[in-house]
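*Asks:* My file is protein-v4.txt. It has compact mmCIF, C-alpha atoms:
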```
# COMPACT_ATOMS: atom_id res chain seq x y z
CA MET E 1 13.39 -11.99 -42.24
CA TYR E 2 11.31 -12.45 -39.11
CA ARG E 3 8.45 -14.93 -39.37
CA PRO E 4 6.21 -14.79 -36.28
CA ASP E 5 4.78 -18.28 -36.69
CA PHE E 6 7.93 -19.94 -37.99
CA GLU E 7 8.67 -22.85 -35.74
CA PRO E 8 12.30 -23.87 -35.43
CA TYR E 9 12.45 -27.63 -35.33
CA ASP E 10 14.40 -30.01 -33.22
CA ASN E 11 15.16 -33.31 -34.93
CA ALA E 12 13.02 -35.58 -32.77
CA GLY E 13 10.06 -36.83 -34.77
CA ARG E 14 10.69 -34.46 -37.69
CA THR E 15 10.77 -35.15 -41.41
CA ALA E 16 13.90 -34.77 -43.50
CA GLU E 17 12.43 -31.57 -44.95
CA GLN E 18 11.89 -30.12 -41.49
CA ILE E 19 15.42 -31.03 -40.41
CA ALA E 20 16.91 -29.48 -43.55
CA ALA E 21 14.79 -26.37 -43.01
CA SER E 22 16.05 -26.01 -39.46
CA TYR E 23 19.66 -26.13 -40.65
CA THR E 24 19.15 -23.64 -43.46
CA GLY E 25 16.65 -21.40 -41.70
CA THR E 26 14.13 -21.80 -44.50
CA ALA E 27 10.45 -22.62 -44.45
CA THR E 28 9.09 -26.06 -45.26
CA ARG E 29 6.38 -26.73 -47.79
CA ASP E 30 3.90 -27.08 -44.91
CA ASP E 31 4.99 -23.69 -43.49
CA LEU E 32 4.44 -22.04 -46.87
CA ARG E 33 1.02 -23.65 -47.32
CA ARG E 34 -0.04 -22.68 -43.77
CA TRP E 35 1.00 -19.03 -44.29
CA SER E 36 -0.77 -18.94 -47.65
CA ARG E 37 -4.02 -20.32 -46.16
CA ARG E 38 -3.85 -17.72 -43.37
CA ASP E 39 -3.22 -14.84 -45.77
CA SER E 40 -5.90 -15.85 -48.29
CA LYS E 41 -8.76 -16.45 -45.81
CA GLU E 42 -10.46 -13.11 -46.49
CA PHE E 43 -10.02 -13.52 -50.25
CA LEU E 44 -11.64 -16.98 -50.16
CA THR E 45 -14.55 -15.57 -48.17
CA ARG E 46 -15.22 -13.12 -51.00
CA HIS E 47 -14.51 -15.72 -53.73
CA PRO E 48 -15.60 -19.13 -52.46
CA MET E 49 -14.37 -22.16 -54.34
CA PRO E 50 -15.42 -25.78 -54.06
CA GLY E 51 -13.88 -27.39 -51.01
CA ALA E 52 -14.42 -30.93 -52.22
CA PRO E 53 -12.84 -32.49 -55.26
CA LEU E 54 -14.61 -31.98 -58.57
CA PRO E 55 -17.27 -34.54 -59.35
CA GLY E 56 -15.20 -37.48 -60.40
CA LEU E 57 -15.31 -39.88 -63.20
CA ASP E 58 -16.83 -43.19 -62.14
CA PRO E 59 -14.15 -45.71 -63.10
CA GLY E 60 -16.48 -48.67 -62.50
CA PRO E 61 -17.78 -49.08 -66.08
CA TYR E 62 -14.26 -48.73 -67.51
CA ILE E 63 -12.82 -51.29 -65.09
CA ALA E 64 -15.65 -53.74 -65.81
CA ALA E 65 -15.31 -53.28 -69.56
CA LEU E 66 -11.54 -53.71 -69.42
CA ALA E 67 -11.91 -56.91 -67.40
CA ALA E 68 -14.29 -58.27 -70.04
CA ALA E 69 -12.17 -57.17 -73.03
CA ARG E 70 -10.71 -60.04 -75.06
CA THR E 71 -9.34 -58.33 -78.16
CA PRO E 72 -7.21 -55.26 -78.86
CA ALA E 73 -10.26 -53.63 -80.48
CA GLU E 74 -12.24 -54.03 -77.26
CA VAL E 75 -9.39 -52.59 -75.17
CA SER E 76 -9.15 -49.72 -77.63
CA ALA E 77 -12.86 -49.03 -77.21
CA VAL E 78 -12.33 -48.71 -73.44
CA THR E 79 -9.29 -46.49 -73.96
CA GLN E 80 -11.00 -44.17 -76.42
CA HIS E 81 -14.15 -43.82 -74.29
CA LEU E 82 -11.99 -42.99 -71.26
CA LEU E 83 -9.96 -40.40 -73.21
CA ASP E 84 -13.15 -38.86 -74.60
CA ALA E 85 -14.62 -38.66 -71.09
CA VAL E 86 -11.63 -36.98 -69.45
CA PHE E 87 -10.47 -34.73 -72.28
CA PRO E 88 -12.85 -31.79 -71.63
CA THR E 89 -11.83 -31.64 -67.95
CA VAL E 90 -8.12 -31.99 -68.65
CA ARG E 91 -8.36 -29.31 -71.35
CA GLU E 92 -10.00 -26.91 -68.89
CA ILE E 93 -7.33 -27.67 -66.26
CA SER E 94 -4.68 -26.95 -68.88
CA HIS E 95 -6.32 -23.62 -69.76
CA LEU E 96 -6.57 -22.66 -66.08
CA LEU E 97 -2.88 -23.45 -65.53
CA VAL E 98 -2.00 -21.22 -68.49
CA ASP E 99 -4.17 -18.43 -67.04
CA ILE E 100 -2.42 -18.82 -63.68
CA ALA E 101 0.97 -18.67 -65.40
CA ARG E 102 -0.05 -15.49 -67.22
CA TRP E 103 -1.33 -13.78 -64.07
CA GLY E 104 0.32 -10.41 -63.64
CA GLY E 105 2.14 -10.66 -66.99
CA HIS E 106 5.22 -12.20 -65.37
CA HIS E 107 5.41 -14.98 -67.94
CA ARG E 108 6.57 -12.78 -70.81
CA SER E 109 10.19 -12.33 -69.80
CA ALA E 110 10.41 -15.16 -67.30
CA PRO E 111 13.46 -17.44 -67.36
CA PRO E 112 12.98 -21.11 -68.30
CA ASN E 113 12.75 -22.56 -64.76
CA SER E 114 10.59 -19.79 -63.32
CA PRO E 115 7.14 -20.50 -61.83
CA PRO E 116 5.25 -19.10 -64.86
CA LYS E 117 7.23 -21.30 -67.26
CA MET E 118 6.81 -24.31 -64.97
CA LEU E 119 3.04 -23.72 -64.97
CA MET E 120 3.02 -23.45 -68.77
CA THR E 121 4.92 -26.74 -68.96
CA ALA E 122 2.44 -28.38 -66.56
CA ALA E 123 -0.44 -27.16 -68.73
CA SER E 124 1.13 -28.72 -71.78
CA ARG E 125 2.08 -31.97 -70.08
CA CYS E 126 -1.40 -32.73 -68.80
CA LEU E 127 -2.59 -32.71 -72.41
CA ASP E 128 0.54 -34.62 -73.46
CA ALA E 129 -0.50 -37.46 -71.16
CA LEU E 130 -3.73 -37.90 -73.11
CA ALA E 131 -1.93 -37.68 -76.44
CA LEU E 132 0.57 -40.32 -75.32
CA ALA E 133 -2.26 -42.65 -74.28
CA ASP E 134 -3.89 -42.14 -77.68
CA ARG E 135 -0.62 -42.90 -79.51
CA ALA E 136 -0.19 -46.09 -77.46
CA ASP E 137 -3.72 -47.15 -78.38
CA ILE E 138 -3.08 -46.52 -82.07
CA ARG E 139 0.14 -48.54 -81.91
CA VAL E 140 -1.74 -51.49 -80.43
CA LEU E 141 -4.32 -51.24 -83.22
CA ARG E 142 -1.62 -50.96 -85.87
CA ASP E 143 0.11 -54.06 -84.52
CA GLU E 144 -3.23 -55.89 -84.66
CA TYR E 145 -4.64 -54.69 -87.99
CA ASP E 146 -1.68 -53.43 -90.00
CA PRO E 147 1.51 -55.11 -88.81
CA ALA E 148 4.78 -54.26 -90.46
CA PRO E 149 5.77 -56.74 -93.16
CA LYS E 150 8.05 -59.46 -91.92
CA VAL E 151 11.63 -59.08 -93.01
CA PRO E 152 12.76 -62.17 -94.92
CA GLN E 153 15.68 -63.99 -93.38
CA SER E 154 18.81 -63.72 -95.48
CA GLY E 155 19.43 -66.57 -97.88
CA THR E 156 15.90 -67.98 -97.74
CA GLU E 157 14.02 -65.62 -100.02
CA SER E 158 15.01 -63.32 -102.82
CA THR E 159 14.49 -59.61 -102.74
CA PRO E 160 11.06 -58.61 -104.09
CA GLY E 161 11.19 -57.39 -107.67
CA LEU E 162 14.38 -59.27 -108.57
CA PRO E 163 14.46 -62.54 -110.45
CA PRO E 164 15.07 -65.62 -108.35
CA SER E 165 18.65 -66.65 -107.71
CA PRO E 166 20.05 -69.27 -110.09
CA PRO E 167 20.26 -72.76 -108.71
CA ALA E 168 23.42 -73.41 -106.77
CA SER E 169 26.20 -75.18 -108.66
CA HIS E 170 28.20 -78.00 -107.16
CA PRO E 171 31.01 -76.53 -105.10
CA ALA E 172 33.64 -78.98 -106.38
CA SER E 173 32.85 -78.43 -110.02
CA ALA E 174 34.46 -75.65 -111.93
CA PRO E 175 34.01 -74.59 -115.54
CA HIS E 176 35.41 -77.15 -117.86
CA ARG E 177 38.97 -76.43 -118.68
CA PRO E 178 41.09 -78.54 -120.85
CA ALA E 179 44.04 -80.03 -119.07
CA GLY E 180 46.49 -78.93 -121.66
CA ARG E 181 46.87 -76.01 -123.88
CA HIS E 182 44.70 -76.10 -126.85
CA THR E 183 45.69 -74.24 -129.92
CA PRO E 184 43.39 -73.97 -132.87
```
Let's see the structure in the file written out as structure tokens.
*Replies:*
Amino acid sequence: MYRPDFEPYDNAGRTAEQIAASYTGTATRDDLRRWSRRDSKEFLTRHPMPGAPLPGLDPGPYIAALAAARTPAEVSAVTQHLLDAVFPTVREISHLLVDIARWGGHHRSAPPNSPPKMLMTAASRCLDALALADRADIRVLRDEYDPAPKVPQSGTESTPGLPPSPPASHPASAPHRPAGRHTP
């Protein structure tokens, strides 16, 4: 396939990807992005999108609060406020990734490692990250407020619900046995 702006690379000053691409005759990631930008220029003129990143979350209050936190409850408060703040945005990103995956209906019969399935996985994983952070926070709180009961060390305590063990007998003593045979 002829690519008019495909630049064969020599190895001087090139990245490993560019060198590999020159050997295999394939395009690099940068080539693909450049071609895509060129071919979508008219589309983006008709459908402008923000050029700058979305308005970001100011991490300052979270960083300051975390630095001042002294207890697991205080760290949990920071964690939960952060998760609450980012969840709506992450949820919308997840929904957009699903919509992108469904574009053109190619996702229905797509194999597992196809782009639509990869996009569906990405959509799920961005929400998984928040769920994992929440589970970690709950585990910290459980360890603080509801720790697992300590397992008694063997031989020191009896099992709950059973009567205590009888006192130990002297190891040298045995039940009294007459030395000789006793007949009644």
*Asks:* From the options E:Gln80, E:Arg29, E:Glu17, E:Pro61, which residue's atoms come nearest to Arg135 (chain E), counting all atoms listed in the file?
*Replies:*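 Counting all atoms listed in the file, the residue closest to Arg135 (chain E) is E:Gln80.
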*Asks:* Which residues come within 7 Å of Asp137 (chain E), counting all atoms listed in the file, excluding same-chain residues fewer than 4 positions away, as a PDB file with C-alpha atoms, keeping the file's coordinate frame?
*Replies:*
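Result went into result19.pdb, see below:
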```
ATOM      1  CA  SER E  76      -9.150 -49.720 -77.630  1.00  0.00           C
ATOM      2  CA  ALA E 133      -2.260 -42.650 -74.280  1.00  0.00           C
ATOM      3  CA  LEU E 141      -4.320 -51.240 -83.220  1.00  0.00           C
TER       4      LEU E 141
END
```
*Asks:* Determine the nearest neighbour of Phe87 (chain E) from the options E:Ala110, E:Ala129, E:Arg34, E:Gly104, counting only C-alpha atoms.
*Replies:*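 Of E:Ala110, E:Ala129, E:Arg34, E:Gly104, the one nearest Phe87 (chain E), counting only C-alpha atoms, is E:Ala129.
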*Asks:* Could you write out as JSON the box around region 98-110 of chain E (axis-aligned, all atoms listed in the file, 6 Å on each side), with centre and edge lengths in Å to one decimal?
*Replies:*
```
{"center_x": 3.1, "center_y": -15.8, "center_z": -67.2, "size_x": 26.6, "size_y": 22.8, "size_z": 19.2}
```
*Asks:* Name all residues at most 9 Å from Val140 (chain E) (count only C-alpha atoms; drop same-chain ones fewer than 4 positions away) and give them as a list of chain:residue names.
*Replies:*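 Counting only C-alpha atoms, the residues come to E:Pro72, E:Ala73, E:Ser76, E:Arg135, E:Ala136, E:Glu144, E:Tyr145.
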*Asks:* Work out how far apart CA of Thr15 (chain E) and CA of Asp30 (chain E) are and give it in Å to one decimal.
*Replies:*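 For CA of Thr15 (chain E) relative to CA of Asp30 (chain E), the distance reads 11.2 Å.
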*Asks:* My list of candidates is E:Ala67, E:Ile93, E:Ala16, E:Ala27. Which is closest to Arg125 (chain E) when distances are computed with all atoms listed in the file?
*Replies:*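 Closest to Arg125 (chain E) of all the choices is E:Ile93.
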*Asks:* Quick one: pull the distance between CA of Phe43 (chain E) and CA of Pro115 (chain E), Å, one decimal.
*Replies:*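 These atoms are spaced 21.8 Å apart.
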*Asks:* Take CA of Leu119 (chain E) and CA of Arg38 (chain E) and report the distance between them in Å, one decimal.
*Replies:*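 Separation of CA of Leu119 (chain E) and CA of Arg38 (chain E): 23.5 Å.
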*Asks:* Applying 12 Å and all atoms listed in the file, which residues near Ala68 (chain E) remain after dropping the ones on its own chain fewer than 6 positions away? List them as a list in words.
*Replies:*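 Residues near the query, excluding close chain neighbours: Pro61, Tyr62, Glu74, Val75, Ala77 and Val78 of chain E.
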*Asks:* Which residue, E:Asp58, E:Leu132, E:Arg102, E:Pro149, has the smallest gap to Leu82 (chain E) when you use all atoms listed in the file?
*Replies:*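 Among the listed residues, the smallest separation from Leu82 (chain E) belongs to E:Asp58.
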*Asks:* All heavy atoms are needed for region 64-75 of chain E; please write them out as a tab-separated table (two decimals), keeping the file's coordinate frame.
*Replies:*
```tsv
chain	number	residue	atom	x	y	z
E	64	ALA	N	-14.87	-52.55	-65.43
E	64	ALA	CA	-15.65	-53.74	-65.81
E	64	ALA	C	-15.46	-54.07	-67.28
E	64	ALA	O	-15.28	-55.24	-67.64
E	64	ALA	CB	-17.13	-53.50	-65.50
E	65	ALA	N	-15.49	-53.05	-68.13
E	65	ALA	CA	-15.31	-53.28	-69.56
E	65	ALA	C	-13.91	-53.80	-69.86
E	65	ALA	O	-13.74	-54.73	-70.66
E	65	ALA	CB	-15.59	-52.01	-70.35
E	66	LEU	N	-12.91	-53.26	-69.19
E	66	LEU	CA	-11.54	-53.71	-69.42
E	66	LEU	C	-11.38	-55.16	-68.97
E	66	LEU	O	-10.71	-55.95	-69.65
E	66	LEU	CB	-10.56	-52.81	-68.67
E	66	LEU	CG	-9.08	-53.10	-68.91
E	66	LEU	CD1	-8.72	-52.98	-70.38
E	66	LEU	CD2	-8.23	-52.15	-68.08
E	67	ALA	N	-11.99	-55.52	-67.87
E	67	ALA	CA	-11.91	-56.91	-67.40
E	67	ALA	C	-12.56	-57.87	-68.38
E	67	ALA	O	-12.13	-59.03	-68.50
E	67	ALA	CB	-12.55	-57.03	-66.02
E	68	ALA	N	-13.59	-57.41	-69.09
E	68	ALA	CA	-14.29	-58.27	-70.04
E	68	ALA	C	-13.66	-58.25	-71.44
E	68	ALA	O	-13.99	-59.09	-72.28
E	68	ALA	CB	-15.75	-57.84	-70.14
E	69	ALA	N	-12.76	-57.31	-71.69
E	69	ALA	CA	-12.17	-57.17	-73.03
E	69	ALA	C	-11.32	-58.39	-73.37
E	69	ALA	O	-10.57	-58.89	-72.54
E	69	ALA	CB	-11.33	-55.91	-73.11
E	70	ARG	N	-11.46	-58.87	-74.60
E	70	ARG	CA	-10.71	-60.04	-75.06
E	70	ARG	C	-9.86	-59.77	-76.29
E	70	ARG	O	-9.04	-60.58	-76.65
E	70	ARG	CB	-11.67	-61.20	-75.36
E	70	ARG	CG	-12.45	-61.68	-74.16
E	70	ARG	CD	-11.55	-62.39	-73.16
E	70	ARG	NE	-12.28	-62.73	-71.95
E	70	ARG	CZ	-12.06	-62.16	-70.77
E	70	ARG	NH1	-11.14	-61.25	-70.63
E	70	ARG	NH2	-12.76	-62.51	-69.72
E	71	THR	N	-10.08	-58.63	-76.94
E	71	THR	CA	-9.34	-58.33	-78.16
E	71	THR	C	-8.76	-56.92	-78.06
E	71	THR	O	-9.25	-56.09	-77.28
E	71	THR	CB	-10.25	-58.39	-79.41
E	71	THR	OG1	-11.20	-57.31	-79.33
E	71	THR	CG2	-10.97	-59.73	-79.51
E	72	PRO	N	-7.73	-56.62	-78.85
E	72	PRO	CA	-7.21	-55.26	-78.86
E	72	PRO	C	-8.27	-54.22	-79.23
E	72	PRO	O	-8.25	-53.11	-78.72
E	72	PRO	CB	-6.09	-55.31	-79.91
E	72	PRO	CG	-5.63	-56.73	-79.88
E	72	PRO	CD	-6.89	-57.53	-79.65
E	73	ALA	N	-9.20	-54.57	-80.10
E	73	ALA	CA	-10.26	-53.63	-80.48
E	73	ALA	C	-11.13	-53.29	-79.28
E	73	ALA	O	-11.53	-52.13	-79.09
E	73	ALA	CB	-11.11	-54.21	-81.60
E	74	GLU	N	-11.42	-54.27	-78.44
E	74	GLU	CA	-12.24	-54.03	-77.26
E	74	GLU	C	-11.49	-53.17	-76.24
E	74	GLU	O	-12.07	-52.27	-75.63
E	74	GLU	CB	-12.68	-55.36	-76.65
E	74	GLU	CG	-13.64	-56.12	-77.55
E	74	GLU	CD	-13.89	-57.55	-77.14
E	74	GLU	OE1	-13.16	-58.07	-76.25
E	74	GLU	OE2	-14.81	-58.17	-77.71
E	75	VAL	N	-10.20	-53.43	-76.07
E	75	VAL	CA	-9.39	-52.59	-75.17
E	75	VAL	C	-9.31	-51.17	-75.71
E	75	VAL	O	-9.40	-50.20	-74.96
E	75	VAL	CB	-7.98	-53.20	-74.97
E	75	VAL	CG1	-7.08	-52.26	-74.19
E	75	VAL	CG2	-8.06	-54.56	-74.28
```
